[in-house]
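Trainee: This one is protein_39.tsv, TSV, C-alpha atoms.
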```
chain	number	residue	atom	x	y	z
A	1	ALA	CA	27.39	-77.79	-25.86
A	2	VAL	CA	25.77	-81.13	-26.69
A	3	ALA	CA	22.43	-79.92	-25.29
A	4	ALA	CA	22.65	-76.72	-27.35
A	5	LEU	CA	23.44	-78.73	-30.48
A	6	ALA	CA	20.52	-81.08	-29.79
A	7	ALA	CA	18.21	-78.09	-29.28
A	8	LEU	CA	19.44	-76.51	-32.51
A	9	ALA	CA	18.94	-79.77	-34.42
A	10	ALA	CA	15.43	-80.09	-33.01
A	11	THR	CA	14.63	-76.52	-33.99
A	12	GLY	CA	16.01	-77.10	-37.48
A	13	ALA	CA	13.96	-80.25	-37.91
A	14	GLN	CA	10.86	-78.43	-36.68
A	15	ALA	CA	11.44	-75.56	-39.11
A	16	GLU	CA	11.91	-77.99	-41.98
A	17	LEU	CA	8.59	-79.69	-41.22
A	18	GLN	CA	6.79	-76.34	-41.29
A	19	VAL	CA	8.04	-75.33	-44.74
A	20	LYS	CA	5.04	-75.16	-47.05
A	21	PRO	CA	4.81	-74.91	-50.82
A	22	LYS	CA	3.55	-71.58	-52.15
A	23	GLY	CA	0.28	-73.07	-53.41
A	24	ARG	CA	-2.66	-74.92	-51.91
A	25	CYS	CA	-1.11	-78.40	-52.04
A	26	THR	CA	0.94	-79.67	-49.11
A	27	VAL	CA	4.32	-81.37	-49.36
A	28	ALA	CA	2.53	-84.70	-48.76
A	29	ASP	CA	0.08	-83.88	-51.59
A	30	LEU	CA	2.93	-83.09	-53.96
A	31	LYS	CA	4.68	-86.38	-53.15
A	32	LEU	CA	1.49	-88.34	-53.94
A	33	ILE	CA	0.91	-86.38	-57.15
A	34	GLN	CA	4.49	-86.77	-58.36
A	35	ALA	CA	4.51	-90.49	-57.51
A	36	ALA	CA	1.44	-91.05	-59.73
A	37	GLY	CA	2.98	-88.84	-62.43
A	38	GLY	CA	1.89	-87.60	-65.82
A	39	GLY	CA	1.25	-89.20	-69.18
A	40	HIS	CA	-2.03	-90.79	-70.21
A	41	GLY	CA	-1.66	-94.32	-68.86
A	42	VAL	CA	-3.89	-96.04	-66.34
A	43	GLY	CA	-2.85	-95.11	-62.81
A	44	SER	CA	-1.20	-91.82	-63.78
A	45	PHE	CA	-2.35	-88.74	-61.90
A	46	THR	CA	-3.35	-87.11	-65.18
A	47	LYS	CA	-5.52	-90.10	-66.15
A	48	GLU	CA	-7.09	-90.11	-62.67
A	49	ASN	CA	-8.02	-86.46	-63.25
A	50	ALA	CA	-9.53	-87.28	-66.64
A	51	ASP	CA	-11.52	-90.15	-65.13
A	52	CYS	CA	-12.77	-87.91	-62.31
A	53	GLY	CA	-13.80	-85.26	-64.83
A	54	ALA	CA	-15.79	-87.88	-66.74
A	55	SER	CA	-17.46	-89.24	-63.60
A	56	ALA	CA	-18.27	-85.71	-62.33
A	57	TRP	CA	-19.89	-84.71	-65.64
A	58	ASN	CA	-23.61	-83.99	-65.78
A	59	ALA	CA	-25.36	-83.49	-69.12
A	60	TRP	CA	-27.25	-80.44	-67.83
A	61	LEU	CA	-24.71	-78.88	-65.49
A	62	GLY	CA	-21.29	-79.81	-66.87
A	63	ILE	CA	-18.50	-80.84	-64.48
A	64	GLN	CA	-19.57	-80.83	-60.84
A	65	ALA	CA	-16.57	-79.63	-58.81
A	66	ASP	CA	-17.60	-81.37	-55.56
A	67	SER	CA	-17.98	-84.74	-57.30
A	68	TYR	CA	-14.64	-84.20	-59.04
A	69	LYS	CA	-12.89	-83.46	-55.73
A	70	GLN	CA	-14.41	-86.52	-54.03
A	71	CYS	CA	-13.34	-88.75	-56.90
A	72	LEU	CA	-9.80	-87.36	-56.98
A	73	ARG	CA	-9.36	-87.65	-53.22
A	74	LYS	CA	-10.48	-91.28	-53.41
A	75	ALA	CA	-8.04	-92.06	-56.25
A	76	THR	CA	-5.12	-90.08	-54.78
A	77	PRO	CA	-5.70	-88.99	-51.17
A	78	VAL	CA	-4.68	-85.34	-51.55
A	79	SER	CA	-6.00	-82.58	-49.29
A	80	GLU	CA	-9.27	-80.80	-50.03
A	81	PRO	CA	-7.59	-77.48	-51.04
A	82	CYS	CA	-5.24	-79.32	-53.38
A	83	ALA	CA	-8.06	-81.34	-54.97
A	84	GLU	CA	-9.90	-78.06	-55.50
A	85	CYS	CA	-7.07	-76.81	-57.77
A	86	PHE	CA	-7.58	-79.77	-60.07
A	87	ALA	CA	-11.38	-79.62	-59.89
A	88	ASP	CA	-11.26	-75.94	-60.89
A	89	GLY	CA	-9.02	-76.95	-63.81
A	90	GLY	CA	-11.49	-79.64	-64.82
A	91	VAL	CA	-14.39	-77.18	-64.78
A	92	TRP	CA	-12.35	-74.66	-66.78
A	93	GLY	CA	-11.30	-77.34	-69.26
A	94	TYR	CA	-14.86	-78.51	-69.79
A	95	ASN	CA	-16.24	-74.98	-70.18
A	96	THR	CA	-13.45	-73.88	-72.52
A	97	CYS	CA	-12.32	-76.98	-74.41
A	98	LYS	CA	-15.21	-79.46	-74.51
A	99	TRP	CA	-15.48	-79.48	-78.31
A	100	LYS	CA	-11.74	-79.96	-78.77
A	101	CYS	CA	-11.86	-82.83	-76.28
A	102	MET	CA	-14.75	-84.78	-77.81
A	103	VAL	CA	-12.43	-87.37	-79.40
A	104	SER	CA	-10.35	-87.92	-76.24
A	105	TRP	CA	-9.11	-86.09	-73.15
A	106	CYS	CA	-5.56	-86.80	-74.33
A	107	SER	CA	-6.00	-85.82	-77.99
A	108	ALA	CA	-3.58	-83.24	-79.36
A	109	SER	CA	-6.37	-80.67	-79.79
A	110	CYS	CA	-7.65	-81.15	-76.24
A	111	LEU	CA	-4.21	-80.87	-74.66
A	112	ALA	CA	-3.39	-77.78	-76.75
A	113	CYS	CA	-6.59	-76.08	-75.61
A	114	ASN	CA	-6.08	-76.96	-71.94
A	115	LYS	CA	-2.48	-75.73	-72.07
A	116	GLU	CA	-3.84	-72.20	-71.53
A	117	TYR	CA	-4.79	-73.15	-67.96
A	118	LEU	CA	-1.52	-74.77	-66.87
A	119	ASP	CA	0.10	-71.63	-65.40
A	120	LYS	CA	-2.98	-71.03	-63.27
A	121	LEU	CA	-3.04	-74.69	-62.20
A	122	ASP	CA	0.65	-74.65	-61.28
A	123	ALA	CA	0.18	-71.44	-59.26
A	124	CYS	CA	-2.72	-73.01	-57.36
A	125	VAL	CA	-0.83	-76.27	-56.74
A	126	GLY	CA	2.40	-74.50	-55.80
A	127	ALA	CA	4.51	-76.64	-58.13
A	128	THR	CA	4.52	-77.88	-61.70
A	129	ALA	CA	1.65	-80.34	-61.97
A	130	PRO	CA	2.28	-83.54	-63.94
A	131	ARG	CA	1.51	-83.11	-67.63
A	132	PRO	CA	-0.55	-85.45	-69.79
A	133	THR	CA	0.87	-86.79	-73.02
A	134	THR	CA	-0.83	-87.04	-76.41
A	135	CYS	CA	-2.56	-90.33	-77.12
A	136	ILE	CA	-4.28	-89.32	-80.40
A	137	ASN	CA	-3.15	-86.78	-82.99
A	138	ALA	CA	-6.67	-85.40	-83.43
```
As a first step, turn the structure in this file into C-alpha cells.
Mentor:
Amino acid sequence: AVAALAALAATGAQAELQVKPKGRCTVADLKLIQAAGGGHGVGSFTKENADCGASAWNAWLGIQADSYKQCLRKATPVSEPCAECFADGGVWGYNTCKWKCMVSWCSASCLACNKEYLDKLDACVGATAPRPTTCINA
C-alpha cells in the first residue's frame, strides 16, 4: 500500500510539472513576469518592455522584433516564444500608436491606444500580462 501511494504521489507530482499555460509562456516565464509586475517604474516588466521597444527602434524600419526579444530576454530571462508575444505587441504598438505615444510610452493617450492589443497579448501569453500605469495625462 505504501509503494502504491508513493507511486501515485510521484505520478501526481509528474502530472503537475507537465501542466502548461494555454499560451506561449511557460509557468517559469509567468513567475518571472509577475514578479517584475506592472506599473511604469524602473524595474517593472512593463517598463522593461518600453525600454526594449525604444532600444529596438530603427528610424527607417520601426521596431525590430529580434532586437526587442533579445533585449527582453536579457532584462527578464523569459523563453523565446514568450518574448515573441511581447515583441509582437511592441511592433503592433509602434505601427498603430506611435503618434499617441510621442510624449511618453506611459501617457494616457498611448496606453488607451495600446489597450486594443491587450486581449491578443493575453491570449499569446496565456495569462493576463502586467499592465502599465499612466505617468502623464497627455
Trainee: So the first atom is atom CA of A:Ser104 and the second is atom CA of A:Leu121; what is the distance between them in Å, to one decimal place?
Mentor: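 One can read the atom CA of A:Ser104 to atom CA of A:Leu121 distance as 20.6 Å.
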Trainee: Near stretch 45-53 of chain A, within 8 Å and counting all atoms listed in the file, which residues show up once chain neighbours fewer than 2 positions away are dropped, as a list in words?
Mentor: Ile33, Gln34, Ala36, Gly37, Gly38, Gly39, His40, Gly41, Val42, Gly43, Ser55, Ala56, Trp57, Ile63, Ser67, Tyr68, Lys69, Cys71, Leu72, Ala75, Thr76, Phe86, Ala87, Gly90, Trp105, Pro130, Arg131 and Pro132 of chain A
Trainee: Mind pulling up the distance from atom CA of A:Arg73 to atom CA of A:Gly23?
Mentor: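 Answer for the atom CA of A:Gly23 to atom CA of A:Arg73 separation: 17.5 Å.
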Trainee: Can you give me all heavy atoms for stretch 66-77 of chain A, written as a PDB file, in the frame of the given file?
Mentor:
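Writing the result to out39.pdb gives the following:
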```pdb
ATOM      1  N   ASP A  66     -17.605 -80.557 -56.788  1.00  0.00           N
ATOM      2  CA  ASP A  66     -17.600 -81.370 -55.560  1.00  0.00           C
ATOM      3  C   ASP A  66     -17.430 -82.854 -55.874  1.00  0.00           C
ATOM      4  O   ASP A  66     -16.679 -83.557 -55.193  1.00  0.00           O
ATOM      5  CB  ASP A  66     -18.863 -81.131 -54.737  1.00  0.00           C
ATOM      6  CG  ASP A  66     -18.861 -79.779 -54.035  1.00  0.00           C
ATOM      7  OD1 ASP A  66     -17.756 -79.211 -53.857  1.00  0.00           O
ATOM      8  OD2 ASP A  66     -19.940 -79.304 -53.651  1.00  0.00           O
ATOM      9  N   SER A  67     -18.116 -83.333 -56.892  1.00  0.00           N
ATOM     10  CA  SER A  67     -17.980 -84.740 -57.300  1.00  0.00           C
ATOM     11  C   SER A  67     -16.568 -85.014 -57.793  1.00  0.00           C
ATOM     12  O   SER A  67     -15.991 -86.071 -57.501  1.00  0.00           O
ATOM     13  CB  SER A  67     -18.977 -85.081 -58.400  1.00  0.00           C
ATOM     14  OG  SER A  67     -20.287 -84.973 -57.926  1.00  0.00           O
ATOM     15  N   TYR A  68     -16.012 -84.074 -58.531  1.00  0.00           N
ATOM     16  CA  TYR A  68     -14.640 -84.200 -59.040  1.00  0.00           C
ATOM     17  C   TYR A  68     -13.670 -84.333 -57.872  1.00  0.00           C
ATOM     18  O   TYR A  68     -12.815 -85.226 -57.858  1.00  0.00           O
ATOM     19  CB  TYR A  68     -14.314 -82.976 -59.886  1.00  0.00           C
ATOM     20  CG  TYR A  68     -13.037 -83.056 -60.672  1.00  0.00           C
ATOM     21  CD1 TYR A  68     -13.070 -83.154 -62.052  1.00  0.00           C
ATOM     22  CD2 TYR A  68     -11.794 -83.008 -60.059  1.00  0.00           C
ATOM     23  CE1 TYR A  68     -11.903 -83.200 -62.809  1.00  0.00           C
ATOM     24  CE2 TYR A  68     -10.629 -83.058 -60.802  1.00  0.00           C
ATOM     25  CZ  TYR A  68     -10.683 -83.152 -62.168  1.00  0.00           C
ATOM     26  OH  TYR A  68      -9.530 -83.201 -62.900  1.00  0.00           O
ATOM     27  N   LYS A  69     -13.789 -83.438 -56.891  1.00  0.00           N
ATOM     28  CA  LYS A  69     -12.890 -83.460 -55.730  1.00  0.00           C
ATOM     29  C   LYS A  69     -12.998 -84.784 -54.976  1.00  0.00           C
ATOM     30  O   LYS A  69     -11.975 -85.367 -54.603  1.00  0.00           O
ATOM     31  CB  LYS A  69     -13.184 -82.303 -54.780  1.00  0.00           C
ATOM     32  CG  LYS A  69     -12.732 -80.958 -55.288  1.00  0.00           C
ATOM     33  CD  LYS A  69     -12.888 -79.880 -54.251  1.00  0.00           C
ATOM     34  CE  LYS A  69     -14.334 -79.539 -54.039  1.00  0.00           C
ATOM     35  NZ  LYS A  69     -14.565 -78.376 -53.186  1.00  0.00           N
ATOM     36  N   GLN A  70     -14.220 -85.247 -54.742  1.00  0.00           N
ATOM     37  CA  GLN A  70     -14.410 -86.520 -54.030  1.00  0.00           C
ATOM     38  C   GLN A  70     -13.746 -87.662 -54.774  1.00  0.00           C
ATOM     39  O   GLN A  70     -13.074 -88.503 -54.178  1.00  0.00           O
ATOM     40  CB  GLN A  70     -15.895 -86.808 -53.843  1.00  0.00           C
ATOM     41  CG  GLN A  70     -16.571 -85.923 -52.830  1.00  0.00           C
ATOM     42  CD  GLN A  70     -18.085 -86.133 -52.804  1.00  0.00           C
ATOM     43  OE1 GLN A  70     -18.638 -86.928 -53.548  1.00  0.00           O
ATOM     44  NE2 GLN A  70     -18.757 -85.387 -51.930  1.00  0.00           N
ATOM     45  N   CYS A  71     -13.932 -87.704 -56.070  1.00  0.00           N
ATOM     46  CA  CYS A  71     -13.340 -88.750 -56.900  1.00  0.00           C
ATOM     47  C   CYS A  71     -11.813 -88.694 -56.820  1.00  0.00           C
ATOM     48  O   CYS A  71     -11.154 -89.719 -56.603  1.00  0.00           O
ATOM     49  CB  CYS A  71     -13.809 -88.583 -58.343  1.00  0.00           C
ATOM     50  SG  CYS A  71     -13.013 -89.700 -59.518  1.00  0.00           S
ATOM     51  N   LEU A  72     -11.253 -87.506 -56.980  1.00  0.00           N
ATOM     52  CA  LEU A  72      -9.800 -87.360 -56.980  1.00  0.00           C
ATOM     53  C   LEU A  72      -9.207 -87.743 -55.629  1.00  0.00           C
ATOM     54  O   LEU A  72      -8.186 -88.433 -55.563  1.00  0.00           O
ATOM     55  CB  LEU A  72      -9.402 -85.928 -57.356  1.00  0.00           C
ATOM     56  CG  LEU A  72      -7.917 -85.700 -57.580  1.00  0.00           C
ATOM     57  CD1 LEU A  72      -7.382 -86.603 -58.687  1.00  0.00           C
ATOM     58  CD2 LEU A  72      -7.647 -84.252 -57.909  1.00  0.00           C
ATOM     59  N   ARG A  73      -9.865 -87.340 -54.556  1.00  0.00           N
ATOM     60  CA  ARG A  73      -9.360 -87.650 -53.220  1.00  0.00           C
ATOM     61  C   ARG A  73      -9.453 -89.145 -52.916  1.00  0.00           C
ATOM     62  O   ARG A  73      -8.671 -89.668 -52.126  1.00  0.00           O
ATOM     63  CB  ARG A  73     -10.098 -86.828 -52.175  1.00  0.00           C
ATOM     64  CG  ARG A  73      -9.774 -85.332 -52.327  1.00  0.00           C
ATOM     65  CD  ARG A  73     -10.341 -84.499 -51.239  1.00  0.00           C
ATOM     66  NE  ARG A  73      -9.552 -84.755 -50.032  1.00  0.00           N
ATOM     67  CZ  ARG A  73     -10.015 -84.587 -48.809  1.00  0.00           C
ATOM     68  NH1 ARG A  73     -11.243 -84.185 -48.605  1.00  0.00           N
ATOM     69  NH2 ARG A  73      -9.239 -84.847 -47.777  1.00  0.00           N
ATOM     70  N   LYS A  74     -10.382 -89.821 -53.567  1.00  0.00           N
ATOM     71  CA  LYS A  74     -10.480 -91.280 -53.410  1.00  0.00           C
ATOM     72  C   LYS A  74      -9.360 -91.965 -54.196  1.00  0.00           C
ATOM     73  O   LYS A  74      -8.743 -92.915 -53.717  1.00  0.00           O
ATOM     74  CB  LYS A  74     -11.850 -91.763 -53.892  1.00  0.00           C
ATOM     75  CG  LYS A  74     -12.091 -93.227 -53.652  1.00  0.00           C
ATOM     76  CD  LYS A  74     -13.494 -93.613 -54.064  1.00  0.00           C
ATOM     77  CE  LYS A  74     -13.724 -95.093 -53.834  1.00  0.00           C
ATOM     78  NZ  LYS A  74     -15.036 -95.525 -54.306  1.00  0.00           N
ATOM     79  N   ALA A  75      -9.078 -91.471 -55.397  1.00  0.00           N
ATOM     80  CA  ALA A  75      -8.040 -92.060 -56.250  1.00  0.00           C
ATOM     81  C   ALA A  75      -6.635 -91.766 -55.737  1.00  0.00           C
ATOM     82  O   ALA A  75      -5.771 -92.640 -55.719  1.00  0.00           O
ATOM     83  CB  ALA A  75      -8.199 -91.533 -57.685  1.00  0.00           C
ATOM     84  N   THR A  76      -6.406 -90.534 -55.329  1.00  0.00           N
ATOM     85  CA  THR A  76      -5.120 -90.080 -54.780  1.00  0.00           C
ATOM     86  C   THR A  76      -5.465 -89.212 -53.575  1.00  0.00           C
ATOM     87  O   THR A  76      -6.002 -88.127 -53.748  1.00  0.00           O
ATOM     88  CB  THR A  76      -4.339 -89.226 -55.811  1.00  0.00           C
ATOM     89  OG1 THR A  76      -4.200 -89.972 -57.020  1.00  0.00           O
ATOM     90  CG2 THR A  76      -2.966 -88.849 -55.297  1.00  0.00           C
ATOM     91  N   PRO A  77      -5.212 -89.686 -52.363  1.00  0.00           N
ATOM     92  CA  PRO A  77      -5.700 -88.990 -51.170  1.00  0.00           C
ATOM     93  C   PRO A  77      -5.007 -87.649 -50.868  1.00  0.00           C
ATOM     94  O   PRO A  77      -4.321 -87.497 -49.875  1.00  0.00           O
ATOM     95  CB  PRO A  77      -5.476 -90.009 -50.049  1.00  0.00           C
ATOM     96  CG  PRO A  77      -4.380 -90.890 -50.543  1.00  0.00           C
ATOM     97  CD  PRO A  77      -4.499 -90.921 -52.038  1.00  0.00           C
TER      98      PRO A  77
END
```
